[in-house]
$ cat input27.tsv   # TSV, C-alpha atoms
chain	number	residue	atom	x	y	z
A	1	MET	CA	67.31	119.81	121.30
A	2	THR	CA	64.90	119.14	124.16
A	3	PHE	CA	62.21	121.42	122.75
A	4	ARG	CA	62.54	119.86	119.29
A	5	LYS	CA	62.42	116.42	120.89
A	6	TYR	CA	59.06	117.15	122.48
A	7	LEU	CA	57.86	118.80	119.27
A	8	VAL	CA	58.54	115.56	117.37
A	9	LEU	CA	56.80	113.49	120.07
A	10	ALA	CA	53.79	115.88	119.99
A	11	GLY	CA	53.73	115.59	116.18
A	12	ILE	CA	53.56	111.80	116.41
A	13	THR	CA	50.64	112.03	118.85
A	14	ILE	CA	48.59	114.61	116.95
A	15	PHE	CA	49.20	113.34	113.40
A	16	SER	CA	48.34	109.73	114.32
A	17	THR	CA	45.18	110.74	116.20
A	18	LEU	CA	43.83	113.04	113.48
A	19	GLY	CA	44.83	110.58	110.76
A	20	ASP	CA	43.06	107.66	112.43
A	21	SER	CA	39.96	109.75	113.09
A	22	LEU	CA	39.67	110.97	109.50
A	23	LEU	CA	40.18	107.40	108.22
A	24	ALA	CA	37.41	106.16	110.50
A	25	ARG	CA	35.10	108.94	109.33
A	26	GLY	CA	35.80	108.13	105.68
A	27	MET	CA	35.42	104.36	106.13
A	28	LYS	CA	32.10	104.80	107.97
A	29	GLU	CA	30.91	106.93	105.06
A	30	LEU	CA	31.78	104.15	102.61
A	31	GLY	CA	30.01	101.50	104.68
A	32	GLY	CA	31.39	98.20	106.00
A	33	ALA	CA	34.39	96.85	104.13
A	34	SER	CA	34.20	93.27	102.96
A	35	LEU	CA	36.78	90.67	102.00
A	36	HIS	CA	34.58	89.89	98.97
A	37	ASN	CA	35.02	93.39	97.64
A	38	ILE	CA	38.73	94.22	97.68
A	39	PRO	CA	38.56	96.79	94.80
A	40	SER	CA	36.18	98.97	96.84
A	41	LEU	CA	38.81	99.05	99.56
A	42	LEU	CA	41.45	100.29	97.12
A	43	LEU	CA	39.02	102.93	95.81
A	44	ALA	CA	38.55	104.12	99.40
A	45	ILE	CA	41.57	106.38	98.76
A	46	LEU	CA	39.31	108.57	96.57
A	47	ASN	CA	37.23	109.55	99.60
A	48	PRO	CA	38.51	112.98	100.78
A	49	PHE	CA	38.48	112.00	104.46
A	50	VAL	CA	40.48	108.85	103.71
A	51	ALA	CA	42.89	110.82	101.49
A	52	VAL	CA	43.64	113.51	104.09
A	53	GLY	CA	43.79	110.81	106.77
A	54	ILE	CA	46.49	109.02	104.78
A	55	LEU	CA	48.45	112.29	104.32
A	56	LEU	CA	48.37	112.88	108.08
A	57	LEU	CA	49.49	109.30	108.71
A	58	LEU	CA	52.43	109.92	106.35
A	59	ALA	CA	53.37	112.96	108.45
A	60	PHE	CA	53.06	110.72	111.50
A	61	PHE	CA	55.38	108.18	109.89
A	62	ALA	CA	58.06	110.81	109.18
A	63	SER	CA	58.07	112.09	112.77
A	64	TYR	CA	57.95	108.52	114.09
A	65	MET	CA	61.03	107.53	112.05
A	66	SER	CA	62.84	110.65	113.24
A	67	ALA	CA	62.09	109.82	116.89
A	68	LEU	CA	63.16	106.19	116.47
A	69	SER	CA	66.53	107.35	115.17
A	70	TRP	CA	67.43	108.92	118.54
A	71	ALA	CA	65.23	107.13	121.09
A	72	ASP	CA	64.27	103.63	122.25
A	73	LEU	CA	61.16	101.98	120.83
A	74	THR	CA	60.01	101.36	124.42
A	75	TYR	CA	60.32	105.12	125.03
A	76	VAL	CA	58.75	106.50	121.85
A	77	LEU	CA	55.59	104.35	121.96
A	78	PRO	CA	54.45	105.18	125.50
A	79	ALA	CA	55.63	108.79	125.35
A	80	THR	CA	53.24	109.38	122.47
A	81	SER	CA	50.23	107.46	123.77
A	82	LEU	CA	48.40	110.56	124.89
A	83	SER	CA	46.75	109.74	121.56
A	84	TYR	CA	44.60	107.08	123.32
A	85	VAL	CA	42.98	109.86	125.30
A	86	LEU	CA	42.71	112.09	122.21
A	87	VAL	CA	41.05	109.24	120.24
A	88	ALA	CA	38.47	108.77	123.00
A	89	VAL	CA	37.70	112.49	123.10
A	90	ILE	CA	37.38	112.68	119.31
A	91	ALA	CA	35.24	109.50	119.23
A	92	ARG	CA	32.95	111.05	121.84
A	93	ILE	CA	32.71	114.57	120.40
A	94	GLY	CA	33.18	114.02	116.69
A	95	PHE	CA	31.49	110.64	116.23
A	96	HIS	CA	29.06	110.63	119.20
A	97	GLU	CA	30.23	107.12	120.12
A	98	GLU	CA	29.14	106.07	123.60
A	99	ILE	CA	32.09	105.74	126.01
A	100	SER	CA	31.27	103.94	129.26
A	101	THR	CA	32.78	104.73	132.66
A	102	THR	CA	34.76	101.46	132.50
A	103	ARG	CA	36.26	102.51	129.21
A	104	TRP	CA	37.22	105.93	130.58
A	105	LEU	CA	38.84	104.12	133.53
A	106	GLY	CA	40.81	101.99	131.08
A	107	ILE	CA	41.98	105.11	129.29
A	108	ALA	CA	43.05	106.62	132.62
A	109	LEU	CA	45.06	103.48	133.44
A	110	ILE	CA	46.80	103.61	130.06
A	111	ALA	CA	47.60	107.30	130.59
A	112	ALA	CA	49.08	106.47	134.02
A	113	GLY	CA	51.32	103.84	132.43
A	114	VAL	CA	52.44	106.43	129.91
A	115	GLY	CA	53.43	108.86	132.65
A	116	PHE	CA	55.69	106.25	134.25
A	117	VAL	CA	57.76	105.83	131.10
A	118	ALA	CA	57.83	109.41	129.81
A	119	VAL	CA	59.94	110.69	132.73
A	120	GLY	CA	62.65	108.01	132.26
A	121	PRO	CA	65.66	108.06	129.90
A	122	SER	CA	64.90	108.09	126.17
A	123	ALA	CA	67.73	105.85	124.97
A	124	THR	CA	69.29	102.86	126.72
A	125	THR	CA	71.05	100.87	124.03
A	126	ASP	CA	74.83	100.65	124.46
A	127	GLY	CA	77.10	102.75	122.28
A	128	TYR	CA	74.22	104.53	120.54
A	129	GLY	CA	75.05	107.98	121.98
A	130	GLU	CA	78.72	107.65	121.07
A	131	ALA	CA	77.98	106.48	117.56
A	132	SER	CA	75.63	109.38	116.87
A	133	ARG	CA	78.09	111.90	118.30
A	134	SER	CA	80.88	110.68	116.02
A	135	LEU	CA	78.54	110.93	113.04
A	136	GLU	CA	79.34	114.59	112.35
A	137	ASN	CA	83.05	113.86	111.90
A	138	ALA	CA	82.53	110.60	110.02
A	139	PRO	CA	83.53	110.40	106.35
A	140	ARG	CA	80.75	110.77	103.79
A	141	GLY	CA	78.69	107.61	103.32
A	142	ALA	CA	79.90	105.92	106.48
A	143	GLY	CA	77.14	104.00	108.27
A	144	MET	CA	76.42	103.82	112.00
A	145	LYS	CA	78.20	100.49	112.31
A	146	GLU	CA	81.40	101.83	110.78
A	147	CYS	CA	81.33	104.93	113.01
A	148	ALA	CA	80.95	102.78	116.10
A	149	ARG	CA	83.73	100.46	115.02
A	150	GLU	CA	86.11	103.37	114.38
A	151	GLU	CA	85.39	104.68	117.86
A	152	VAL	CA	86.11	101.31	119.43
A	153	GLY	CA	89.27	100.84	117.34
A	154	SER	CA	90.83	104.23	118.12
B	1	MET	CA	29.97	87.69	114.50
B	2	ASN	CA	31.20	91.26	114.11
B	3	THR	CA	32.88	90.96	117.53
B	4	ILE	CA	34.99	88.02	116.34
B	5	TYR	CA	35.94	89.89	113.18
B	6	THR	CA	36.85	92.98	115.21
B	7	TRP	CA	39.11	91.05	117.60
B	8	ALA	CA	40.67	89.05	114.76
B	9	ALA	CA	41.52	92.38	113.12
B	10	ILE	CA	42.93	93.68	116.43
B	11	ALA	CA	45.11	90.55	116.78
B	12	LEU	CA	46.41	90.89	113.22
B	13	ILE	CA	47.09	94.62	113.66
B	14	THR	CA	49.04	93.88	116.86
B	15	LEU	CA	51.19	91.15	115.29
B	16	ALA	CA	51.95	93.11	112.13
B	17	ALA	CA	52.53	96.42	113.93
B	18	THR	CA	54.94	94.85	116.45
B	19	THR	CA	56.94	93.23	113.67
B	20	GLY	CA	56.98	96.54	111.80
B	21	ASP	CA	57.92	98.63	114.84
B	22	VAL	CA	60.85	96.39	115.75
B	23	LEU	CA	62.15	96.30	112.17
B	24	LEU	CA	61.79	100.08	111.76
B	25	ALA	CA	63.39	100.86	115.13
B	26	TYR	CA	66.29	98.56	114.21
B	27	SER	CA	66.64	100.26	110.81
B	28	MET	CA	66.54	103.79	112.22
B	29	LYS	CA	69.21	102.95	114.80
B	30	ARG	CA	71.41	101.78	111.95
B	31	VAL	CA	70.70	105.04	110.09
B	32	GLY	CA	71.63	107.23	113.08
B	33	HIS	CA	70.31	110.54	114.41
B	34	VAL	CA	68.15	111.86	111.57
B	35	GLY	CA	68.03	115.46	112.86
B	36	LYS	CA	71.83	115.79	113.04
B	37	LEU	CA	72.28	114.05	109.71
B	38	TRP	CA	69.79	116.45	108.09
B	39	GLU	CA	71.63	119.49	109.48
B	40	SER	CA	75.08	118.32	108.40
B	41	ARG	CA	74.36	116.59	105.08
B	42	GLY	CA	70.85	117.63	103.97
B	43	LEU	CA	67.54	115.86	103.46
B	44	LEU	CA	68.71	113.91	100.41
B	45	ALA	CA	71.47	112.22	102.41
B	46	VAL	CA	68.91	111.23	105.05
B	47	ALA	CA	66.60	109.68	102.44
B	48	LYS	CA	69.56	107.94	100.77
B	49	ARG	CA	70.77	106.40	104.00
B	50	ILE	CA	67.29	105.25	105.07
B	51	LEU	CA	66.63	103.68	101.66
B	52	GLY	CA	69.98	101.89	101.95
B	53	VAL	CA	68.78	99.82	104.90
B	54	PRO	CA	66.96	96.67	103.66
B	55	THR	CA	65.10	95.97	106.93
B	56	PHE	CA	63.38	99.37	106.50
B	57	PHE	CA	61.36	97.98	103.58
B	58	LEU	CA	60.39	94.85	105.52
B	59	GLY	CA	59.23	97.13	108.33
B	60	VAL	CA	57.16	99.23	105.92
B	61	LEU	CA	55.63	96.05	104.47
B	62	ALA	CA	54.61	94.86	107.95
B	63	MET	CA	53.18	98.33	108.65
B	64	ALA	CA	51.15	98.16	105.42
B	65	VAL	CA	49.63	94.86	106.57
B	66	ALA	CA	48.81	96.50	109.92
B	67	PHE	CA	47.31	99.51	108.12
B	68	TYR	CA	44.96	97.47	105.94
B	69	SER	CA	43.92	95.35	108.95
B	70	LEU	CA	43.14	98.66	110.67
B	71	LEU	CA	40.94	99.75	107.74
B	72	PHE	CA	38.96	96.50	108.02
B	73	GLY	CA	38.84	96.70	111.80
B	74	LEU	CA	37.53	100.27	111.76
B	75	SER	CA	34.66	99.33	109.46
B	76	TRP	CA	33.55	96.57	111.86
B	77	GLY	CA	34.24	98.02	115.29
B	78	ASN	CA	34.16	101.34	117.14
B	79	LEU	CA	37.07	103.76	116.76
B	80	SER	CA	37.35	104.04	120.55
B	81	LEU	CA	37.85	100.25	120.85
B	82	VAL	CA	39.86	99.21	117.77
B	83	VAL	CA	42.52	101.94	117.88
B	84	PRO	CA	43.35	101.92	121.63
B	85	ALA	CA	43.07	98.12	121.95
B	86	SER	CA	45.40	97.32	119.06
B	87	ALA	CA	47.79	100.17	119.86
B	88	SER	CA	48.22	99.31	123.52
B	89	LEU	CA	48.46	95.55	122.89
B	90	THR	CA	51.17	96.49	120.40
B	91	PHE	CA	52.86	98.51	123.14
B	92	VAL	CA	53.01	95.48	125.48
B	93	ALA	CA	54.19	93.16	122.71
B	94	ASN	CA	56.79	95.77	121.76
B	95	ALA	CA	58.20	95.92	125.29
B	96	VAL	CA	58.90	92.18	125.08
B	97	ALA	CA	60.14	92.30	121.47
B	98	ALA	CA	62.36	95.37	122.08
B	99	ARG	CA	64.06	93.58	124.97
B	100	ILE	CA	64.62	90.37	122.98
B	101	PHE	CA	65.46	91.72	119.53
B	102	LEU	CA	66.69	95.30	120.09
B	103	HIS	CA	68.42	94.66	123.46
B	104	GLU	CA	66.79	97.72	125.01
B	105	HIS	CA	67.02	97.87	128.80
B	106	VAL	CA	63.35	97.56	129.72
B	107	SER	CA	63.45	98.85	133.31
B	108	GLY	CA	60.98	98.07	136.11
B	109	ARG	CA	59.38	101.41	135.37
B	110	ARG	CA	58.78	100.38	131.75
B	111	TRP	CA	57.41	96.93	132.73
B	112	LEU	CA	55.03	98.58	135.21
B	113	ALA	CA	53.84	100.83	132.42
B	114	ALA	CA	53.25	97.75	130.24
B	115	ILE	CA	51.14	96.12	132.98
B	116	LEU	CA	49.12	99.32	133.54
B	117	VAL	CA	48.47	99.61	129.82
B	118	ALA	CA	47.44	95.93	129.60
B	119	GLY	CA	44.98	96.51	132.49
B	120	GLY	CA	43.64	99.57	130.71
B	121	VAL	CA	43.07	97.55	127.54
B	122	ALA	CA	41.19	94.83	129.48
B	123	LEU	CA	38.92	97.51	130.97
B	124	MET	CA	38.30	99.10	127.59
B	125	ALA	CA	37.30	95.75	126.04
B	126	MET	CA	34.63	95.11	128.70
$ encode --input "input27.tsv" --output "structure tokens"
Amino acid sequence: MTFRKYLVLAGITIFSTLGDSLLARGMKELGGASLHNIPSLLLAILNPFVAVGILLLLAFFASYMSALSWADLTYVLPATSLSYVLVAVIARIGFHEEISTTRWLGIALIAAGVGFVAVGPSATTDGYGEASRSLENAPRGAGMKECAREEVGS
Amino acid sequence: MNTIYTWAAIALITLAATTGDVLLAYSMKRVGHVGKLWESRGLLAVAKRILGVPTFFLGVLAMAVAFYSLLFGLSWGNLSLVVPASASLTFVANAVAARIFLHEHVSGRRWLAAILVAGGVALMAM
């Protein structure tokens, strides 16, 4: 379970970073978007970089939903924000964007904040662990709420 | 002018993404442990149960708004500003929202992380 847990968290980080980067690359290729030209924004999907970027963001969404089903929102978000650092590296190497010392310092501060949270517990909401444990024995179609109520009632 | 547009996009991304994150986290907690559900009942059961939670669709809608704001933001501003700035502001807003709406126990450790991230964002925007 622990290995899979970190695999899902790593998936969130990598898929979101690569997805964002490919989107940026595609949007730069298309030129500045404008509110006066909404159709061009919808046609942006035809750009291969944008298309693959969206596919990667879908993969991100799937792993994100999976993580949210067993962990706190305030755990999942920081635990996966190694992507800030990845974005900076990709922006520097792949896009040749200038990154100042101040900005690197900001990234370091964010990464430090991430470290603080990642070592803590992943779920803190009451009854969540019990409800998910009883899920395997629950009758077909029973929702979380029902499972929890059964546990309390018995 | 582009700076104002960029920060307006960042603000909109933050608001929409926080709303989406809270709604999706709430929905997924109602669904239950996806991994265990997949093993015991199969992928179809997982999809069925997720689609049966109405707040999931509201969350996706809010995420779509955030996504299109991101597309606009990326065409105006640098990748290394727009993505980290909006994402980490969302993180701080989420710490507050998760405590209020999801009743998560946001410990001192998690608040400290929020403050560090906020400081990091301020540095990156300079």
$ interface_residues --input "input27.tsv" --of "chain B" --to "chain A" --cutoff "8 Å" --atoms "only C-alpha atoms" --output "number ranges by chain"
B: 21-22, 24-25, 28-37, 40, 71-72, 74-76, 78-80, 83-84, 88, 91, 94-95, 98, 103-106, 109-110, 112-126
$ atom_distance --input "input27.tsv" --atom1 "atom CA of Leu102 of chain B" --atom2 "atom CA of Leu23 of chain B"
9.2 Å
$ atom_distance --input "input27.tsv" --atom1 "atom CA of Ser122 of chain A" --atom2 "atom CA of Ala64 of chain B"
26.8 Å
$ atom_distance --input "input27.tsv" --atom1 "atom CA of Leu57 of chain A" --atom2 "atom CA of Phe15 of chain A"
6.2 Å
$ closest_residue --input "input27.tsv" --among "B:Pro54, B:Leu15, B:Ile100, B:Ile4" --to "Ser86 of chain B" --atoms "only C-alpha atoms"
B:Leu15
$ closest_residue --input "input27.tsv" --among "B:Ser27, B:Thr3, B:Thr14, B:Thr19" --to "Arg49 of chain B" --atoms "only C-alpha atoms"
B:Ser27
